[in-house]
file upload-v7.txt (compact mmCIF, C-alpha atoms and all ligand atoms)
# COMPACT_ATOMS: atom_id res chain seq x y z
CA MET A 183 86.96 37.36 84.01
CA ARG A 184 85.89 34.11 85.59
CA ALA A 185 83.92 33.84 88.81
CA LEU A 186 81.76 31.44 90.73
CA ASN A 187 78.25 32.81 91.28
CA ALA A 188 76.03 32.21 94.28
CA LEU A 189 74.89 28.84 92.90
CA GLY A 190 78.45 27.68 92.52
CA LEU A 191 78.26 27.80 88.72
CA LEU A 192 81.29 28.93 86.77
CA THR A 193 80.44 32.02 84.80
CA ILE A 194 82.57 33.79 82.25
CA GLY A 195 82.40 37.58 82.08
CA THR A 196 80.00 40.05 83.59
CA GLY A 197 77.44 39.83 80.78
CA PHE A 198 76.96 36.12 81.22
CA PHE A 199 76.76 36.53 85.00
CA LEU A 200 74.03 39.18 84.71
CA SER A 201 71.97 37.28 82.18
CA GLY A 202 72.22 34.22 84.39
CA THR A 203 71.01 35.96 87.51
CA LEU A 204 68.21 37.82 85.72
CA ALA A 205 66.76 34.71 84.08
CA SER A 206 63.50 33.55 85.65
CA PRO A 207 63.59 30.46 87.88
CA HIS A 208 61.08 28.86 85.51
CA ALA A 209 63.37 29.31 82.48
CA ALA A 210 66.34 28.01 84.46
CA ALA A 211 64.36 24.92 85.50
CA ALA A 212 63.24 24.30 81.92
CA ALA A 213 66.81 24.58 80.67
CA SER A 214 68.01 22.15 83.31
CA ASN A 215 65.22 19.71 82.43
CA GLU A 216 66.18 19.94 78.79
CA SER A 217 69.80 19.10 79.41
CA THR A 218 68.75 16.18 81.62
CA GLN A 219 66.39 14.95 78.92
CA GLU A 220 69.12 15.30 76.32
CA ALA A 221 71.37 13.12 78.48
CA TRP A 222 68.57 10.53 78.64
CA VAL A 223 68.29 10.53 74.84
CA VAL A 224 72.03 9.89 74.53
CA GLN A 225 71.97 7.20 77.19
CA ALA A 226 68.92 5.28 75.95
CA SER A 227 69.84 5.46 72.26
CA ALA A 228 73.44 4.34 72.69
CA ARG A 229 73.14 0.97 70.96
CA LEU A 230 70.79 1.92 68.14
CA PRO A 231 71.99 1.82 64.51
CA THR A 232 73.84 4.87 63.21
CA ARG A 233 71.07 5.88 60.84
CA VAL A 234 68.61 5.92 63.74
CA ILE A 235 70.93 8.11 65.86
CA ASP A 236 71.37 10.39 62.83
CA THR A 237 67.60 10.69 62.54
CA LEU A 238 67.25 11.55 66.24
CA SER A 239 69.83 14.31 65.80
CA GLN A 240 67.62 15.92 63.14
CA ILE A 241 64.62 16.17 65.48
CA ALA A 242 64.65 19.70 66.79
CA ALA A 243 63.01 19.49 70.23
CA VAL A 244 64.36 17.20 72.93
CA ASP A 245 60.90 16.00 74.01
CA ARG A 246 60.11 15.04 70.40
CA ARG A 247 63.42 13.15 70.34
CA LEU A 248 62.34 11.23 73.46
CA LEU A 249 58.99 10.31 71.88
CA ALA A 250 60.67 9.10 68.67
CA LEU A 251 63.24 7.19 70.70
CA ARG A 252 60.39 5.43 72.53
CA ALA A 253 59.04 4.24 69.16
CA TYR A 254 62.49 2.98 68.09
CA LEU A 255 62.92 1.08 71.36
CA LYS A 256 59.44 -0.42 71.06
CA ALA A 257 60.23 -1.58 67.50
CA GLY A 258 63.06 -3.67 68.96
CA ASP A 259 64.56 -6.16 66.52
CA GLY A 260 62.09 -5.15 63.83
CA LEU A 261 63.53 -1.63 63.61
CA SER A 262 65.93 -2.21 60.70
CA GLU A 263 63.41 -4.25 58.72
CA ARG A 264 60.80 -1.50 59.01
CA TRP A 265 63.16 1.42 58.39
CA SER A 266 62.27 3.74 55.51
CA TRP A 267 63.87 3.19 52.15
CA THR A 268 66.74 5.23 50.84
CA GLN A 269 66.40 7.05 47.53
CA ASP A 270 68.17 4.12 45.81
CA GLN A 271 65.82 1.57 47.34
CA GLN A 272 62.83 3.69 46.34
CA SER A 273 64.12 4.02 42.77
CA ALA A 274 64.69 0.27 42.50
CA TYR A 275 61.22 -0.57 43.84
CA ALA A 276 59.26 0.42 40.70
CA SER A 277 60.99 -2.22 38.58
CA THR A 278 60.74 -5.07 41.10
CA PRO A 279 57.93 -7.67 40.83
CA GLU A 280 56.40 -6.19 43.98
CA GLY A 281 56.54 -2.64 42.68
CA LYS A 282 54.97 -3.63 39.38
CA LEU A 283 52.23 -5.59 41.12
CA ALA A 284 51.43 -2.68 43.45
CA SER A 285 51.23 -0.26 40.55
CA LYS A 286 48.95 -2.60 38.59
CA GLU A 287 46.70 -3.06 41.59
CA ILE A 288 46.46 0.69 42.21
CA ASP A 289 45.47 1.13 38.54
CA ALA A 290 42.78 -1.54 38.93
CA VAL A 291 41.36 0.09 42.09
CA ALA A 292 41.31 3.47 40.34
CA ALA A 293 39.53 1.99 37.31
CA ALA A 294 36.93 0.23 39.48
CA PHE A 295 36.36 3.47 41.40
CA THR A 296 35.84 5.59 38.28
CA ALA A 297 33.56 2.95 36.74
CA ALA A 298 31.33 3.10 39.81
CA ASN A 299 31.59 6.86 40.22
CA PRO A 300 31.70 8.48 36.76
CA GLY A 301 33.50 11.83 36.69
CA PHE A 302 35.52 11.05 39.83
CA THR A 303 39.11 9.78 39.93
CA LEU A 304 41.52 8.53 42.57
CA ARG A 305 44.88 10.17 43.13
CA VAL A 306 47.57 8.04 44.77
CA ASN A 307 51.16 8.93 45.52
CA ARG A 308 53.02 5.78 44.44
CA ARG A 309 56.39 6.85 45.79
CA SER A 310 57.41 6.03 49.33
CA ARG A 311 57.57 8.91 51.81
CA SER A 312 61.17 9.95 52.32
CA LEU A 313 62.80 9.93 55.73
CA GLU A 314 63.49 13.66 55.32
CA ALA A 315 59.79 14.38 54.78
CA GLN A 316 58.90 12.29 57.83
CA ILE A 317 61.39 14.23 59.99
CA ILE A 318 59.93 17.57 58.89
CA SER A 319 56.40 16.40 59.75
CA TRP A 320 57.51 15.03 63.14
CA ASN A 321 59.16 18.37 63.97
CA GLU A 322 55.98 20.31 63.15
CA ASN A 323 53.02 18.09 64.00
CA ALA A 324 50.88 19.33 66.90
CA SER A 325 49.77 15.88 68.10
CA VAL A 326 53.44 14.86 68.35
CA GLY A 327 54.17 18.02 70.35
CA THR A 328 51.41 17.28 72.86
CA ALA A 329 52.41 13.65 73.42
CA ALA A 330 56.12 14.52 73.50
CA ALA A 331 55.60 17.10 76.25
CA ALA A 332 53.57 14.59 78.27
CA CYS A 333 56.23 11.90 77.81
CA ALA A 334 59.07 14.20 78.90
CA SER A 335 57.05 15.41 81.86
CA ALA A 336 56.30 11.83 82.97
CA LEU A 337 60.01 10.98 82.86
CA ASP A 338 60.87 14.18 84.71
CA GLN A 339 58.46 13.22 87.48
CA ARG A 340 59.81 9.73 87.68
CA PHE A 341 63.52 10.45 87.36
CA GLY A 342 63.76 14.17 88.12
CA ALA A 343 66.77 15.36 90.13
CA ALA A 344 66.87 12.97 93.10
CA HIS A 345 65.56 9.91 91.27
CA ALA A 346 67.88 9.57 88.28
CA PRO A 347 67.54 6.28 86.41
CA ARG A 348 69.97 3.62 87.60
CA GLY A 349 71.02 2.81 84.07
CA ALA A 350 70.11 2.62 80.42
CA ILE A 351 67.86 -0.42 80.92
CA GLU A 352 65.70 1.27 83.54
CA LEU A 353 65.49 4.35 81.35
CA ARG A 354 64.57 2.37 78.22
CA ASN A 355 61.91 0.42 80.10
CA ALA A 356 60.39 3.63 81.45
CA LEU A 357 60.16 5.01 77.92
CA ILE A 358 58.65 1.82 76.51
CA ASP A 359 56.15 1.50 79.38
CA TRP A 360 54.91 5.08 79.14
CA GLN A 361 51.53 5.35 77.39
CA PRO A 362 50.29 8.52 75.68
CA ASN A 363 46.76 9.58 76.56
CA SER A 364 46.38 11.63 73.39
CA ALA A 365 46.43 10.32 69.82
CA VAL A 366 49.64 10.77 67.83
CA THR A 367 48.78 11.09 64.14
CA LEU A 368 52.24 10.17 62.80
CA ALA A 369 54.66 7.28 62.99
CA ALA A 370 58.12 8.22 64.28
CA PRO A 371 60.46 9.25 61.43
CA GLY A 372 61.77 6.15 59.69
CA LEU A 373 58.88 3.96 60.81
CA SER A 374 56.03 5.20 58.61
CA ALA A 375 54.39 2.41 56.62
CA HIS A 376 54.61 4.89 53.74
CA GLY A 377 58.40 4.78 54.04
CA GLN A 378 58.49 1.38 52.31
CA ALA A 379 55.39 1.54 50.11
CA ARG A 380 53.63 -0.68 52.65
CA ALA A 381 50.72 1.76 52.70
CA PHE A 382 49.00 4.02 50.19
CA ASP A 383 46.73 7.02 50.64
CA PHE A 384 43.85 7.42 48.17
CA GLN A 385 42.36 10.84 47.47
CA VAL A 386 39.21 11.58 45.49
CA GLU A 387 39.28 14.17 42.70
CA ARG A 388 36.85 15.57 40.16
CA GLY A 389 38.27 17.35 37.12
CA GLY A 390 41.62 17.80 38.89
CA GLU A 391 39.96 19.36 41.99
CA LEU A 392 40.38 17.64 45.34
CA VAL A 393 37.06 16.33 46.67
CA ALA A 394 38.28 14.21 49.59
CA GLY A 395 41.88 14.52 50.80
CA THR A 396 44.09 13.31 53.62
CA ASP A 397 43.47 16.08 56.13
CA ALA A 398 42.36 14.59 59.47
CA ALA A 399 39.91 17.47 59.93
CA SER A 400 38.11 16.45 56.74
CA THR A 401 37.32 12.88 57.78
CA ARG A 402 33.75 13.52 58.82
CA THR A 403 32.67 16.02 56.18
CA GLN A 404 34.57 14.91 53.08
CA TRP A 405 34.70 11.17 53.65
CA GLU A 406 31.95 9.99 55.97
CA ALA A 407 29.08 12.35 55.13
CA ALA A 408 29.79 12.27 51.38
CA GLY A 409 30.01 8.47 51.31
CA TRP A 410 33.56 8.27 49.86
CA THR A 411 34.73 5.98 52.66
CA GLN A 412 32.35 3.25 51.51
CA LYS A 413 32.85 3.96 47.79
CA LEU A 414 36.64 3.67 48.10
CA HIS A 415 36.29 0.53 50.18
CA THR A 416 34.05 -1.02 47.53
CA ALA A 417 36.58 -0.32 44.78
CA VAL A 418 39.41 -1.75 46.88
CA SER A 419 37.34 -4.87 47.64
CA ILE A 420 36.71 -5.42 43.93
CA ALA A 421 40.16 -4.73 42.53
CA GLY A 422 42.81 -4.50 45.25
CA LYS A 423 43.13 -7.85 46.96
CA HIS A 424 46.48 -7.03 48.62
CA PHE A 425 45.15 -3.88 50.25
CA VAL A 426 43.95 -4.01 53.84
CA GLY A 427 42.05 -1.16 55.43
CA PRO A 428 41.18 1.50 55.92
CA LEU A 429 43.36 2.35 58.91
CA GLN A 430 41.30 2.07 62.10
CA SER A 431 43.66 2.59 65.05
CA LEU A 432 43.80 6.25 64.21
CA TYR A 433 40.92 6.45 61.81
CA GLU A 434 41.98 7.40 58.28
CA PRO A 435 39.47 6.31 55.62
CA TRP A 436 41.98 7.09 52.83
CA HIS A 437 44.85 4.95 54.20
CA TYR A 438 45.21 1.31 53.14
CA ALA A 439 48.03 -1.00 54.13
CA TYR A 440 49.61 -2.89 51.28
CA ALA A 441 50.62 -6.50 51.95
CA PRO A 442 52.65 -7.52 48.92
CA ALA A 443 52.25 -11.00 47.46
CA VAL A 444 55.92 -11.36 46.60
CA PRO A 445 57.73 -12.63 49.72
CA GLN A 446 61.10 -10.88 49.36
CA PRO A 447 62.69 -7.54 50.08
CA ALA A 448 61.25 -5.33 47.39
CA ALA A 449 64.26 -3.26 46.51
CA ALA A 450 68.03 -3.02 46.80
CA PRO A 451 69.60 -4.32 50.04
CA PRO A 452 70.06 -1.73 52.79
CA SER A 453 73.06 0.46 52.15
CA ALA A 454 76.21 -0.38 54.03
CA SER A 455 76.39 3.16 55.35
CA GLY A 456 73.36 2.31 57.50
ZN ZN A 501 48.58 7.10 55.11
call {"tool": "encode", "arguments": {"input": "upload-v7.txt", "output": "structure tokens"}}
result
Amino acid sequence: MRALNALGLLTIGTGFFLSGTLASPHAAAAASNESTQEAWVVQASARLPTRVIDTLSQIAAVDRRLLALRAYLKAGDGLSERWSWTQDQQSAYASTPEGKLASKEIDAVAAAFTAANPGFTLRVNRRSRSLEAQIISWNENASVGTAAAACASALDQRFGAAHAPRGAIELRNALIDWQPNSAVTLAAPGLSAHGQARAFDFQVERGGELVAGTDAASTRTQWEAAGWTQKLHTAVSIAGKHFVGPLQSLYEPWHYAYAPAVPQPAAAPPSASG
């Protein structure tokens, strides 16, 4: 049975009609906002590379998709160059001059650290962070959720119902211009500096036990109060001349950018599949 309900919406069958009329106005409004936001994602992402669109489609919540899309639009022409390596690119990296140099320099930093702090060692993940891992984190991270909700709400206020964007350019500009007022602790999936081994996280261990890790909540107690921030920095200054850090913009005493000395793409060329 098909019928038009009081709102003029086509409904199919009695069950659907009842569930529609019993739903709260709030839920109905949220659903309508979500479909509008989804249309914005499609509209503003239309010209992005296929692999970027594929990544957006793996982000579960529409507001998190909008926030990631904002990062992709802000990256502009640099997007492809910064995009995370594929498995093949990652595998090739270790045997390139850059990969060998990075590994040697990490070894030297670790040796300098242990020499200055007997009994303590540095643990470093030398592999790049996969796109898949970045997507999972983006889908779960609380700071992303907070900023994503604020971003979607700002667009709703600006373009909601009567004030729809005039086109993709106006929509893209609104996304790019929006500024979060809470810190986002992750780069959008695909854009992490860890995705291309352009950053490394150092953790302090003693006898295989973690002493200072990469948990944001541990910054003050494990790193600052215990002095590891300075001790790591000293070791990097002595033995890791291509490392720059630690990260300041969102303070992470364990995170150092890696600026390779070899001026060439480190690994295999980007795959043709995009
Ligand atoms: Zn890091």
call {"tool": "atom_distance", "arguments": {"input": "upload-v7.txt", "atom1": "atom CA of Val224 of chain A", "atom2": "atom CA of Leu238 of chain A"}}
result
9.7 Å
call {"tool": "closest_residue", "arguments": {"input": "upload-v7.txt", "among": "A:Gln225, A:Gln385, A:Thr328, A:Ser285", "to": "ligand ZN 501 (chain A)", "atoms": "all atoms listed in the file"}}
result
A:Gln385
call {"tool": "atom_distance", "arguments": {"input": "upload-v7.txt", "atom1": "atom CA of Asn299 of chain A", "atom2": "atom CA of His415 of chain A"}}
result
12.7 Å
call {"tool": "closest_residue", "arguments": {"input": "upload-v7.txt", "among": "A:Ala407, A:Ala324, A:Ile351, A:Val306", "to": "ligand ZN 501 (chain A)", "atoms": "all atoms listed in the file"}}
result
A:Val306
call {"tool": "atom_distance", "arguments": {"input": "upload-v7.txt", "atom1": "atom CA of Ile317 of chain A", "atom2": "atom CA of Gly349 of chain A"}}
result
28.3 Å
